[in-house]
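S.K.: Please find work.txt (compact mmCIF, C-alpha atoms) on the next line:
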```
# COMPACT_ATOMS: atom_id res chain seq x y z
CA MET A 1 -7.74 -1.07 -3.35
CA SER A 2 -6.45 -3.49 -5.88
CA THR A 3 -3.03 -3.30 -7.44
CA PRO A 4 -1.25 -5.49 -9.99
CA GLN A 5 0.40 -8.38 -8.30
CA ARG A 6 2.52 -11.34 -9.14
CA TYR A 7 0.58 -14.49 -8.57
CA GLU A 8 2.60 -17.51 -7.44
CA GLY A 9 -0.11 -19.85 -6.23
CA GLY A 10 -2.73 -19.96 -3.51
CA SER A 11 -5.94 -18.01 -3.66
CA PRO A 12 -6.52 -16.33 -7.02
CA VAL A 13 -7.55 -13.01 -5.53
CA GLN A 14 -4.46 -12.78 -3.34
CA ALA A 15 -1.90 -12.05 -6.03
CA ARG A 16 1.28 -10.02 -5.59
CA ARG A 17 2.14 -7.09 -7.82
CA GLY A 18 4.33 -7.38 -10.87
CA ASP A 19 6.54 -4.40 -10.48
CA SER A 20 9.46 -4.75 -12.86
CA LEU A 21 10.41 -1.51 -14.53
CA ALA A 22 10.09 -3.26 -17.88
CA ASP A 23 6.45 -4.11 -17.19
CA ILE A 24 5.68 -0.56 -16.13
CA LEU A 25 7.45 1.10 -19.07
CA GLU A 26 6.01 -1.35 -21.56
CA ARG A 27 2.52 -0.51 -20.41
CA VAL A 28 2.51 3.17 -19.54
CA LEU A 29 4.83 4.44 -22.26
CA ASP A 30 4.00 2.11 -25.09
CA LYS A 31 0.32 1.40 -24.49
CA GLY A 32 -2.79 3.24 -23.46
CA ILE A 33 -4.95 5.84 -25.09
CA VAL A 34 -3.05 8.58 -26.83
CA ILE A 35 -4.52 12.04 -26.74
CA ALA A 36 -2.99 14.26 -29.34
CA GLY A 37 -3.75 17.58 -30.92
CA ASP A 38 -3.77 21.15 -29.74
CA ILE A 39 -5.30 20.33 -26.41
CA THR A 40 -2.29 18.50 -25.00
CA ILE A 41 1.01 20.07 -24.07
CA ASN A 42 4.54 18.71 -24.09
CA LEU A 43 3.76 16.15 -26.74
CA LEU A 44 7.00 16.07 -28.67
CA GLU A 45 9.30 15.08 -25.82
CA ILE A 46 6.88 12.42 -24.65
CA GLU A 47 6.75 11.18 -28.21
CA LEU A 48 10.53 10.90 -28.39
CA LEU A 49 10.67 9.14 -25.07
CA THR A 50 7.93 6.73 -26.06
CA ILE A 51 9.67 5.73 -29.24
CA LYS A 52 12.96 5.18 -27.44
CA VAL A 53 11.30 3.00 -24.84
CA ARG A 54 9.52 1.03 -27.54
CA LEU A 55 12.77 0.46 -29.39
CA LEU A 56 14.52 -0.70 -26.27
CA ILE A 57 11.78 -3.02 -25.13
CA ALA A 58 11.24 -4.48 -28.57
CA SER A 59 14.90 -4.79 -29.55
CA VAL A 60 15.84 -7.76 -27.48
CA ASP A 61 19.16 -8.47 -29.15
CA LYS A 62 20.19 -4.86 -29.28
CA ALA A 63 19.27 -4.29 -25.68
CA ARG A 64 21.31 -7.33 -24.73
CA GLU A 65 24.34 -5.99 -26.51
CA MET A 66 23.90 -2.78 -24.64
CA GLY A 67 24.31 -4.34 -21.26
CA ILE A 68 23.06 -2.91 -18.06
CA ASN A 69 23.42 0.77 -18.90
CA TRP A 70 21.00 0.25 -21.72
CA TRP A 71 19.48 3.65 -21.54
CA GLU A 72 22.67 5.61 -21.98
CA THR A 73 23.87 3.73 -25.01
CA ASP A 74 20.87 4.12 -27.21
CA ASN A 75 22.98 5.78 -29.89
CA ALA A 76 24.03 2.22 -30.62
CA LEU A 77 20.56 1.68 -32.00
CA SER A 78 21.41 3.54 -35.16
CA ILE A 79 24.83 1.96 -35.72
CA GLY A 80 24.99 -0.48 -38.61
CA GLY A 81 22.24 -2.45 -40.27
CA SER A 82 19.15 -1.07 -41.86
CA LYS A 83 17.02 1.22 -39.82
CA ASN A 84 13.50 0.19 -39.11
CA GLY A 85 10.48 2.47 -39.25
CA LEU A 86 10.59 3.42 -35.61
CA GLU A 87 14.22 4.43 -35.73
CA GLN A 88 13.64 6.55 -38.79
CA ARG A 89 10.66 8.15 -37.14
CA LEU A 90 12.71 8.86 -34.05
CA GLU A 91 15.38 10.56 -36.12
CA ARG A 92 12.84 12.71 -37.90
CA LEU A 93 11.31 13.72 -34.59
CA GLU A 94 14.69 14.56 -33.14
CA VAL A 95 15.43 16.75 -36.10
CA ALA A 96 12.03 18.36 -35.73
CA ALA A 97 12.69 18.96 -32.05
CA GLY A 98 16.10 20.44 -32.79
CA ILE A 99 17.72 17.75 -30.67
CA ASP A 100 21.31 16.88 -31.41
CA THR A 101 21.70 13.38 -29.99
CA ASP A 102 25.01 14.34 -28.40
CA SER A 103 23.79 17.51 -26.76
CA THR A 104 22.55 17.55 -23.22
CA GLU A 105 20.56 20.76 -23.27
CA LYS A 106 17.50 21.61 -25.20
CA GLU A 107 15.14 24.51 -24.99
CA ALA A 108 11.58 23.52 -24.22
CA GLY A 109 9.00 24.84 -26.62
CA VAL B 1 4.73 31.67 -9.19
CA THR B 2 4.84 28.14 -10.56
CA ASN B 3 3.04 27.18 -13.71
CA THR B 4 0.72 24.23 -13.17
CA ALA B 5 -1.23 22.08 -15.61
CA VAL B 6 -3.51 19.05 -15.35
CA TYR B 7 -2.25 15.50 -15.78
CA VAL B 8 -4.83 12.93 -16.88
CA TYR B 9 -4.44 9.24 -15.93
CA GLY B 10 -7.52 7.80 -17.56
CA VAL B 11 -11.26 7.88 -17.98
CA ALA B 12 -14.16 5.98 -16.46
CA ARG B 13 -17.93 6.36 -16.40
CA ALA B 14 -19.33 8.97 -14.03
CA GLU B 15 -21.47 6.31 -12.34
CA ASP B 16 -18.24 4.62 -11.20
CA ALA B 17 -16.81 7.80 -9.68
CA ALA B 18 -17.15 6.51 -6.13
CA LEU B 19 -14.92 3.54 -7.06
CA LEU B 20 -12.04 5.75 -8.21
CA PRO B 21 -9.11 6.69 -5.97
CA SER B 22 -8.65 10.04 -4.29
CA GLY B 23 -6.06 11.65 -2.06
CA ASP B 24 -2.34 10.94 -2.30
CA GLY B 25 -0.35 9.10 -4.93
CA ALA B 26 -0.46 11.72 -7.67
CA ILE B 27 2.38 12.00 -10.15
CA ASP B 28 3.36 15.30 -8.57
CA ALA B 29 3.24 14.62 -4.83
CA ALA B 30 2.46 18.28 -4.12
CA PHE B 31 -1.08 17.75 -5.40
CA LEU B 32 -3.99 15.42 -4.72
CA LEU B 33 -5.88 13.16 -7.09
CA GLU B 34 -9.13 14.62 -8.36
CA LEU B 35 -12.01 13.77 -10.65
CA VAL B 36 -13.13 15.98 -13.51
CA ASP B 37 -16.49 15.02 -14.92
CA HIS B 38 -18.47 15.90 -17.96
CA ASP B 39 -21.52 14.35 -19.54
CA GLY B 40 -21.43 10.92 -17.97
CA LEU B 41 -17.64 10.53 -18.13
CA VAL B 42 -15.08 11.18 -15.44
CA ALA B 43 -11.37 11.77 -15.86
CA LEU B 44 -8.93 10.78 -13.14
CA ALA B 45 -6.52 13.70 -12.92
CA SER B 46 -4.19 15.74 -10.76
CA GLU B 47 -2.43 19.05 -11.02
CA LEU B 48 1.27 19.10 -11.66
CA GLU B 49 4.07 21.59 -11.90
CA VAL B 50 4.86 21.82 -15.59
CA GLU B 51 8.53 22.64 -15.26
CA LEU B 52 9.15 19.70 -12.93
CA PHE B 53 7.37 17.32 -15.27
CA GLU B 54 9.06 18.60 -18.41
CA SER B 55 12.52 18.40 -16.90
CA SER B 56 11.91 14.81 -15.73
CA VAL B 57 10.78 13.76 -19.18
CA ARG B 58 13.67 15.60 -20.78
CA SER B 59 16.24 13.93 -18.54
CA ALA B 60 14.71 10.53 -19.28
CA GLU B 61 14.71 11.27 -22.97
CA GLN B 62 18.39 12.04 -22.67
CA GLY B 63 19.20 8.88 -20.79
CA ASP B 64 18.56 9.34 -17.06
CA LEU B 65 15.54 7.41 -15.86
CA ALA B 66 15.89 8.21 -12.17
CA ARG B 67 13.27 10.93 -12.10
CA LEU B 68 10.97 9.37 -14.67
CA GLU B 69 10.65 5.98 -13.01
CA PRO B 70 8.65 7.10 -9.93
CA MET B 71 6.35 9.08 -12.23
CA ALA B 72 5.78 6.13 -14.56
CA ARG B 73 5.04 3.96 -11.52
CA ALA B 74 2.69 6.59 -10.07
CA HIS B 75 0.77 6.70 -13.34
CA GLU B 76 0.28 2.94 -13.28
CA GLU B 77 -0.46 2.74 -9.54
CA VAL B 78 -3.15 5.42 -9.66
CA LEU B 79 -4.88 3.48 -12.43
CA ALA B 80 -4.43 0.20 -10.58
CA ARG B 81 -6.26 1.77 -7.63
CA ALA B 82 -9.11 2.53 -10.03
CA LEU B 83 -9.60 -1.11 -11.02
CA GLY B 84 -12.72 -1.26 -8.86
CA ALA B 85 -14.49 0.61 -11.66
CA ARG B 86 -16.46 -1.65 -13.97
CA ALA B 87 -14.58 -0.20 -16.91
CA LEU B 88 -11.49 1.98 -17.04
CA LEU B 89 -9.58 3.48 -19.96
CA PRO B 90 -5.90 3.94 -19.17
CA PHE B 91 -4.21 6.85 -20.94
CA ARG B 92 -0.64 6.70 -22.08
CA PHE B 93 1.88 8.27 -19.73
CA GLY B 94 2.32 11.99 -20.20
CA THR B 95 -1.14 13.22 -21.10
CA VAL B 96 -1.08 16.81 -19.87
CA VAL B 97 -3.53 19.60 -20.62
CA ALA B 98 -3.56 23.21 -19.53
CA SER B 99 -6.67 23.30 -17.35
CA ARG B 100 -9.67 21.43 -15.98
CA ASP B 101 -11.72 23.10 -18.70
CA ASP B 102 -9.48 21.43 -21.26
CA VAL B 103 -10.12 18.08 -19.57
CA ARG B 104 -13.86 18.70 -19.97
CA THR B 105 -13.34 19.66 -23.61
CA LEU B 106 -11.43 16.44 -24.12
CA LEU B 107 -14.23 14.39 -22.54
CA ARG B 108 -16.79 16.18 -24.69
CA ASP B 109 -14.86 15.88 -27.97
CA ARG B 110 -14.04 12.21 -27.59
CA ALA B 111 -17.15 11.07 -25.73
CA PRO B 112 -18.38 8.62 -28.40
CA GLU B 113 -14.99 6.92 -28.66
CA PHE B 114 -14.52 6.77 -24.87
CA HIS B 115 -17.98 5.33 -24.36
CA SER B 116 -17.49 2.65 -26.97
CA GLN B 117 -14.09 1.67 -25.60
CA LEU B 118 -15.43 1.56 -22.05
CA GLU B 119 -18.19 -0.73 -23.24
CA ALA B 120 -15.63 -3.06 -24.84
CA LEU B 121 -13.66 -3.33 -21.59
CA GLU B 122 -16.61 -3.61 -19.23
CA GLY B 123 -16.28 -6.30 -16.59
CA ALA B 124 -12.81 -7.44 -17.62
CA ARG B 125 -9.28 -6.81 -16.40
CA GLU B 126 -5.84 -7.35 -17.90
CA TRP B 127 -3.46 -10.05 -16.70
CA GLY B 128 0.08 -10.73 -17.81
CA VAL B 129 1.68 -14.14 -18.33
CA LYS B 130 5.35 -14.59 -19.00
CA ALA B 131 7.10 -17.85 -19.77
CA LEU B 132 10.72 -18.02 -18.61
CA LEU B 133 13.10 -20.59 -19.95
CA ASP B 134 16.01 -22.28 -18.24
CA ARG B 135 17.91 -23.44 -21.33
CA GLU B 136 20.01 -26.07 -19.61
CA GLN B 137 16.99 -27.78 -18.15
CA LEU B 138 15.18 -27.82 -21.49
CA GLU B 139 18.31 -29.10 -23.20
CA ALA B 140 18.55 -31.93 -20.70
CA ALA B 141 14.87 -32.78 -21.24
CA LEU B 142 15.35 -32.77 -25.00
CA ALA B 143 18.46 -34.93 -24.85
CA ALA B 144 16.59 -37.50 -22.82
CA ASP B 145 13.94 -37.75 -25.57
CA GLU B 146 16.34 -37.71 -28.50
CA PRO B 147 18.79 -40.54 -29.00
CA ALA B 148 20.26 -38.71 -32.01
CA LEU B 149 21.44 -35.90 -29.77
CA ALA B 150 22.87 -38.29 -27.22
CA GLU B 151 24.79 -40.03 -30.00
CA LEU B 152 26.23 -36.78 -31.31
CA ARG B 153 27.14 -35.83 -27.78
CA SER B 154 29.14 -38.97 -27.15
CA GLU B 155 30.89 -38.55 -30.48
CA ALA B 156 31.75 -34.97 -29.56
CA ALA B 157 33.14 -36.09 -26.25
CA ALA B 158 35.16 -38.92 -27.76
CA GLY B 159 38.20 -36.80 -28.47
CA THR B 160 38.79 -38.46 -31.85
CA GLY B 161 39.51 -36.63 -35.10
CA SER B 162 35.86 -36.13 -35.84
CA ALA B 163 35.09 -34.74 -32.38
CA PHE B 164 35.52 -31.11 -33.43
CA PHE B 165 32.98 -31.36 -36.22
CA ALA B 166 30.64 -33.43 -34.11
CA ARG B 167 30.77 -30.70 -31.49
CA LYS B 168 29.92 -27.99 -34.04
CA ARG B 169 27.07 -30.04 -35.40
CA LEU B 170 25.84 -30.78 -31.92
CA GLU B 171 25.80 -27.10 -31.04
CA ARG B 172 23.79 -26.28 -34.13
CA GLU B 173 21.37 -29.16 -33.61
CA VAL B 174 20.85 -28.37 -29.96
CA GLU B 175 20.32 -24.69 -30.69
CA GLU B 176 17.76 -25.45 -33.37
CA ARG B 177 15.86 -27.93 -31.28
CA LEU B 178 15.88 -25.63 -28.28
CA ARG B 179 14.45 -22.85 -30.39
CA ASP B 180 11.75 -25.07 -31.83
CA ALA B 181 10.83 -26.57 -28.49
CA ALA B 182 10.75 -23.19 -26.73
CA GLY B 183 8.57 -21.78 -29.51
CA GLU B 184 6.16 -24.70 -29.24
CA ILE B 185 5.89 -24.34 -25.48
CA ALA B 186 5.32 -20.58 -25.71
CA GLU B 187 2.67 -21.01 -28.38
CA SER B 188 0.78 -23.74 -26.54
CA VAL B 189 0.84 -21.78 -23.27
CA HIS B 190 -0.48 -18.72 -25.09
CA ASP B 191 -3.20 -20.70 -26.86
CA ARG B 192 -4.40 -22.39 -23.69
CA ILE B 193 -4.52 -19.16 -21.69
CA SER B 194 -6.29 -17.38 -24.55
CA LEU B 195 -9.16 -19.85 -24.13
CA ALA B 196 -9.91 -18.30 -20.74
CA ALA B 197 -9.61 -14.74 -22.07
CA ARG B 198 -11.89 -12.33 -23.89
CA ASP B 199 -8.93 -10.98 -25.82
CA ALA B 200 -5.18 -11.59 -25.96
CA ALA B 201 -2.11 -9.66 -27.05
CA LEU B 202 1.49 -10.74 -27.56
CA ASN B 203 4.33 -8.38 -26.72
CA PRO B 204 7.97 -8.90 -27.59
CA PRO B 205 9.82 -10.82 -24.87
CA GLN B 206 11.64 -8.34 -22.65
CA PRO B 207 15.42 -8.32 -22.63
CA ARG B 208 16.96 -9.75 -19.47
CA GLU B 209 18.47 -6.45 -18.42
CA LEU B 210 15.02 -4.91 -18.25
CA SER B 211 12.95 -7.84 -17.12
CA GLY B 212 14.86 -8.61 -13.94
CA TYR B 213 14.58 -12.34 -14.65
CA ASP B 214 17.60 -14.65 -14.79
CA GLU B 215 15.95 -16.86 -17.37
CA GLU B 216 15.21 -16.12 -20.98
CA MET B 217 11.71 -14.80 -21.66
CA ILE B 218 9.97 -16.81 -24.38
CA LEU B 219 6.44 -15.47 -23.95
CA ASN B 220 5.21 -12.03 -22.91
CA GLY B 221 1.44 -12.19 -23.21
CA ALA B 222 -1.36 -9.93 -22.03
CA TYR B 223 -4.88 -11.26 -21.53
CA LEU B 224 -8.17 -9.47 -21.08
CA VAL B 225 -10.15 -11.69 -18.75
CA ASP B 226 -13.76 -11.40 -17.54
CA ARG B 227 -13.88 -11.05 -13.78
CA GLU B 228 -16.10 -14.13 -13.52
CA ARG B 229 -13.48 -16.13 -15.38
CA GLU B 230 -10.43 -15.04 -13.42
CA HIS B 231 -10.48 -18.26 -11.41
CA GLU B 232 -10.39 -20.15 -14.70
CA LEU B 233 -7.33 -18.18 -15.76
CA HIS B 234 -5.58 -19.01 -12.50
CA GLU B 235 -6.47 -22.68 -12.74
CA THR B 236 -5.22 -22.84 -16.32
CA VAL B 237 -1.94 -21.20 -15.36
CA ASP B 238 -1.50 -23.61 -12.44
CA GLU B 239 -2.11 -26.60 -14.72
CA LEU B 240 0.30 -25.27 -17.31
CA ARG B 241 2.92 -24.63 -14.63
CA ASP B 242 2.98 -28.31 -13.80
CA GLU B 243 3.11 -29.29 -17.45
CA VAL B 244 5.99 -27.05 -18.50
CA ALA B 245 8.10 -27.26 -15.32
CA GLU B 246 9.92 -30.43 -16.39
CA ARG B 247 11.00 -28.73 -19.58
CA GLY B 248 12.65 -25.89 -17.71
CA VAL B 249 9.90 -23.34 -18.18
CA ARG B 250 8.44 -21.24 -15.38
CA LEU B 251 5.29 -19.16 -15.71
CA ASP B 252 4.84 -15.80 -14.07
CA LEU B 253 1.34 -14.42 -13.77
CA THR B 254 0.89 -10.73 -12.95
CA GLY B 255 -2.18 -8.63 -12.49
CA PRO B 256 -4.78 -7.40 -12.43
CA TRP B 257 -3.59 -4.49 -14.54
CA PRO B 258 -5.48 -1.61 -16.08
CA ALA B 259 -6.24 -2.76 -19.64
CA PHE B 260 -3.30 -0.96 -21.24
CA ASN B 261 -2.93 -3.63 -23.91
CA PHE B 262 -6.57 -3.56 -24.93
CA VAL B 263 -7.39 0.04 -25.64
CA ARG B 264 -7.28 1.22 -29.20
CA ALA B 265 -4.83 4.01 -29.71
CA ALA B 266 -6.62 6.56 -31.87
CA GLU B 267 -4.86 8.06 -34.83
CA ARG B 268 -3.09 11.31 -34.18
CA THR B 269 -4.98 14.25 -35.52
CA ALA B 270 -4.12 17.90 -35.32
CA SER B 271 -7.44 19.21 -34.09
```
Render the structure in this file as structure tokens.
M.R.:
Amino acid sequence: MSTPQRYEGGSPVQARRGDSLADILERVLDKGIVIAGDITINLLEIELLTIKVRLLIASVDKAREMGINWWETDNALSIGGSKNGLEQRLERLEVAAGIDTDSTEKEAG
Amino acid sequence: VTNTAVYVYGVARAEDAALLPSGDGAIDAAFLLELVDHDGLVALASELEVELFESSVRSAEQGDLARLEPMARAHEEVLARALGARALLPFRFGTVVASRDDVRTLLRDRAPEFHSQLEALEGAREWGVKALLDREQLEAALAADEPALAELRSEAAAGTGSAFFARKRLEREVEERLRDAAGEIAESVHDRISLAARDAALNPPQPRELSGYDEEMILNGAYLVDREREHELHETVDELRDEVAERGVRLDLTGPWPAFNFVRAAERTAS
């Protein structure tokens, strides 16, 4: 069994895993093959989540301003400045999903 | 009665099936990993309880990562255990279909694309290299090389009438030179490592709050490296480590990873 590791020296094959949450989210939620269409279920919420993660990981300055509770304060992403394509897309999706950004409950399709 | 569906982690060739993981570690711990094959392809999959999955994603989408994180890690770890396969296509997190039959349909419908992507990845694995900057150390290294900065610094420290402006100018100069120097280091590290790689991808540096590093990330690269050249990658990174250390830069090499950064995400189509 071979798992991702963080390599700090020594034998090349004996690396240690890189396990920061940022690395995991960046890869599994922002990368990889996307299967879309009628065959998959639950796509919209995954889509929303993916876009939020992408915004957070890519928006270095914004994420810094947010501090440690980065995830909870993502409304700050849309405050001030011009919105980029991802943010606009996120808003459209949220409208499509019937999600009010302040609400905590949403009916699953 | 709970409603279950099938979660798909990724796809490999059927001939590599024996090299894929089985047993525990599935995204929903109540189920075991399984293989679903069709026409020379095999999907790494497991059952999951739909309601549990949906509520975890929903809570993450609304700001609470606690339940999502172990699932995101499970997705990656299952694929990492499949790295023995000669080629492996990692799916994005959250690929869920209703049944095993749907998995077979998926393999059938996208067989040409999966085969061509598997071919492109054959015999290579992804590695990550990050460059982390200690600003103070780089600043000290720059000041040693640059008499102009040292001069400004002594003026700023002089406490005379011009000290205030000298300090402002110094800050600007230092900031600019730091940025330039950090950019040059990041670029040369990336270029050198790319020489050992089949393909390379640059991702935005991760913010400190997410990365877990104290230093500032100036490079977040992913490299697709042939297995026979992995030693070359490691040697290059070791050489670079020595070269950049005196300028306050540390390199962090992670891997091997499933080739998340080197699969082509197909366009969304409503089939």
S.K.: Give the answer as one residue: which of B:Gln206, B:Ala157, B:Ala26, B:Leu106 has the shortest atom-to-atom distance to Met71 (chain B), using all atoms listed in the file?
M.R.: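 Distance minimum relative to Met71 (chain B) lands on B:Ala26.
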S.K.: Report, in Å to a single decimal, how far apart CA of Pro21 (chain B) and CA of Ile39 (chain A) are.
M.R.: 24.9 Å
S.K.: For the point (5.6, 24.9, -13.3) in the file's frame, write as a PDB file with C-alpha atoms, keeping the file's coordinate frame all residues with an atom no more than 7 Å away, counting only C-alpha atoms.
M.R.:
```pdb
ATOM      1  CA  THR B   2       4.840  28.140 -10.560  1.00  0.00           C
ATOM      2  CA  ASN B   3       3.040  27.180 -13.710  1.00  0.00           C
ATOM      3  CA  THR B   4       0.720  24.230 -13.170  1.00  0.00           C
ATOM      4  CA  GLU B  49       4.070  21.590 -11.900  1.00  0.00           C
ATOM      5  CA  VAL B  50       4.860  21.820 -15.590  1.00  0.00           C
ATOM      6  CA  GLU B  51       8.530  22.640 -15.260  1.00  0.00           C
ATOM      7  CA  LEU B  52       9.150  19.700 -12.930  1.00  0.00           C
TER       8      LEU B  52
END
```
S.K.: List every residue of chain B that has an atom at most 7 Å from any atom of chain A, giving for each one its closest atom pair and the distance in Å to one decimal, counting all atoms listed in the file, sorted by chain and then by ascending residue number, as CSV.
M.R.:
```
residue,atom,partner,partner_atom,distance
B:Val57,CA,A:Ile46,CA,6.9
B:Arg58,CA,A:Glu45,CA,6.7
B:Glu61,CA,A:Leu49,CA,5.0
B:Gln62,CA,A:Thr104,CA,6.9
B:Gly63,CA,A:Glu72,CA,4.9
B:Ala72,CA,A:Val28,CA,6.7
B:Arg73,CA,A:Ile24,CA,6.5
B:Glu76,CA,A:Val28,CA,6.6
B:Glu77,CA,A:Thr3,CA,6.9
B:Ala80,CA,A:Thr3,CA,4.9
B:Arg81,CA,A:Met1,CA,5.3
B:Leu83,CA,A:Ser2,CA,6.5
B:Pro90,CA,A:Gly32,CA,5.3
B:Phe91,CA,A:Ile33,CA,4.3
B:Arg92,CA,A:Gly32,CA,4.3
B:Phe93,CA,A:Val28,CA,5.1
B:Gly94,CA,A:Ile46,CA,6.4
B:Thr95,CA,A:Thr40,CA,6.7
B:Val96,CA,A:Thr40,CA,5.5
B:Val97,CA,A:Thr40,CA,4.7
B:Asp102,CA,A:Ile39,CA,6.7
B:Pro204,CA,A:Ala58,CA,5.6
B:Gln206,CA,A:Ile57,CA,5.9
B:Pro207,CA,A:Val60,CA,4.9
B:Glu209,CA,A:Ile68,CA,5.8
B:Leu210,CA,A:Ala22,CA,5.2
B:Ser211,CA,A:Ala22,CA,5.5
B:Gly212,CA,A:Ser20,CA,6.7
B:His231,CA,A:Pro12,CA,6.2
B:His234,CA,A:Pro12,CA,6.2
B:Leu253,CA,A:Tyr7,CA,5.3
B:Thr254,CA,A:Arg6,CA,4.2
B:Gly255,CA,A:Pro4,CA,4.1
B:Pro256,CA,A:Pro4,CA,4.7
B:Trp257,CA,A:Pro4,CA,5.2
B:Phe260,CA,A:Gly32,CA,4.8
B:Asn261,CA,A:Lys31,CA,6.0
B:Val263,CA,A:Gly32,CA,6.0
B:Arg264,CA,A:Ile33,CA,6.6
B:Ala265,CA,A:Ile33,CA,5.0
B:Ala266,CA,A:Val34,CA,6.5
B:Arg268,CA,A:Ala36,CA,5.7
B:Thr269,CA,A:Gly37,CA,5.8
B:Ala270,CA,A:Gly37,CA,4.4
B:Ser271,CA,A:Gly37,CA,5.1
```
S.K.: Create the file for the chosen residues now, containing C-alpha atoms and written as an mmCIF file, in the frame of the given file.
M.R.:
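So the final result, stored in again-v3.cif, reads:
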```cif
data_model
loop_
_atom_site.group_PDB
_atom_site.id
_atom_site.type_symbol
_atom_site.label_atom_id
_atom_site.label_comp_id
_atom_site.auth_asym_id
_atom_site.auth_seq_id
_atom_site.Cartn_x
_atom_site.Cartn_y
_atom_site.Cartn_z
ATOM 1 C CA VAL B 57 10.780 13.760 -19.180
ATOM 2 C CA ARG B 58 13.670 15.600 -20.780
ATOM 3 C CA GLU B 61 14.710 11.270 -22.970
ATOM 4 C CA GLN B 62 18.390 12.040 -22.670
ATOM 5 C CA GLY B 63 19.200 8.880 -20.790
ATOM 6 C CA ALA B 72 5.780 6.130 -14.560
ATOM 7 C CA ARG B 73 5.040 3.960 -11.520
ATOM 8 C CA GLU B 76 0.280 2.940 -13.280
ATOM 9 C CA GLU B 77 -0.460 2.740 -9.540
ATOM 10 C CA ALA B 80 -4.430 0.200 -10.580
ATOM 11 C CA ARG B 81 -6.260 1.770 -7.630
ATOM 12 C CA LEU B 83 -9.600 -1.110 -11.020
ATOM 13 C CA PRO B 90 -5.900 3.940 -19.170
ATOM 14 C CA PHE B 91 -4.210 6.850 -20.940
ATOM 15 C CA ARG B 92 -0.640 6.700 -22.080
ATOM 16 C CA PHE B 93 1.880 8.270 -19.730
ATOM 17 C CA GLY B 94 2.320 11.990 -20.200
ATOM 18 C CA THR B 95 -1.140 13.220 -21.100
ATOM 19 C CA VAL B 96 -1.080 16.810 -19.870
ATOM 20 C CA VAL B 97 -3.530 19.600 -20.620
ATOM 21 C CA ASP B 102 -9.480 21.430 -21.260
ATOM 22 C CA PRO B 204 7.970 -8.900 -27.590
ATOM 23 C CA GLN B 206 11.640 -8.340 -22.650
ATOM 24 C CA PRO B 207 15.420 -8.320 -22.630
ATOM 25 C CA GLU B 209 18.470 -6.450 -18.420
ATOM 26 C CA LEU B 210 15.020 -4.910 -18.250
ATOM 27 C CA SER B 211 12.950 -7.840 -17.120
ATOM 28 C CA GLY B 212 14.860 -8.610 -13.940
ATOM 29 C CA HIS B 231 -10.480 -18.260 -11.410
ATOM 30 C CA HIS B 234 -5.580 -19.010 -12.500
ATOM 31 C CA LEU B 253 1.340 -14.420 -13.770
ATOM 32 C CA THR B 254 0.890 -10.730 -12.950
ATOM 33 C CA GLY B 255 -2.180 -8.630 -12.490
ATOM 34 C CA PRO B 256 -4.780 -7.400 -12.430
ATOM 35 C CA TRP B 257 -3.590 -4.490 -14.540
ATOM 36 C CA PHE B 260 -3.300 -0.960 -21.240
ATOM 37 C CA ASN B 261 -2.930 -3.630 -23.910
ATOM 38 C CA VAL B 263 -7.390 0.040 -25.640
ATOM 39 C CA ARG B 264 -7.280 1.220 -29.200
ATOM 40 C CA ALA B 265 -4.830 4.010 -29.710
ATOM 41 C CA ALA B 266 -6.620 6.560 -31.870
ATOM 42 C CA ARG B 268 -3.090 11.310 -34.180
ATOM 43 C CA THR B 269 -4.980 14.250 -35.520
ATOM 44 C CA ALA B 270 -4.120 17.900 -35.320
ATOM 45 C CA SER B 271 -7.440 19.210 -34.090
#
```
S.K.: Nearest residue to Val78 (chain B) out of B:Glu228, B:Asp101, B:Asp28, B:Asp199, using only C-alpha atoms?
M.R.: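 With only C-alpha atoms as the atom set, the closest residue is B:Asp28.
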S.K.: What is the distance, in Å and to one decimal place, between CA of Trp127 (chain B) and CA of Phe53 (chain B)?
M.R.: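 Here the two named atoms are 29.5 Å from each other.
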S.K.: Please measure the separation of CA of Arg125 (chain B) and CA of Gly23 (chain B), giving the value in Å to one decimal.
M.R.: 23.6 Å
S.K.: What box, with edges along x, y and z, holds each listed atom of region 42-56 of chain A when 4 Å is added on every side, and can you state its centre and edge lengths in Å to one decimal, as AutoDock Vina command-line options?
M.R.:
```
--center_x 9.1 --center_y 9.0 --center_z -26.7 --size_x 18.8 --size_y 27.4 --size_z 13.3
```
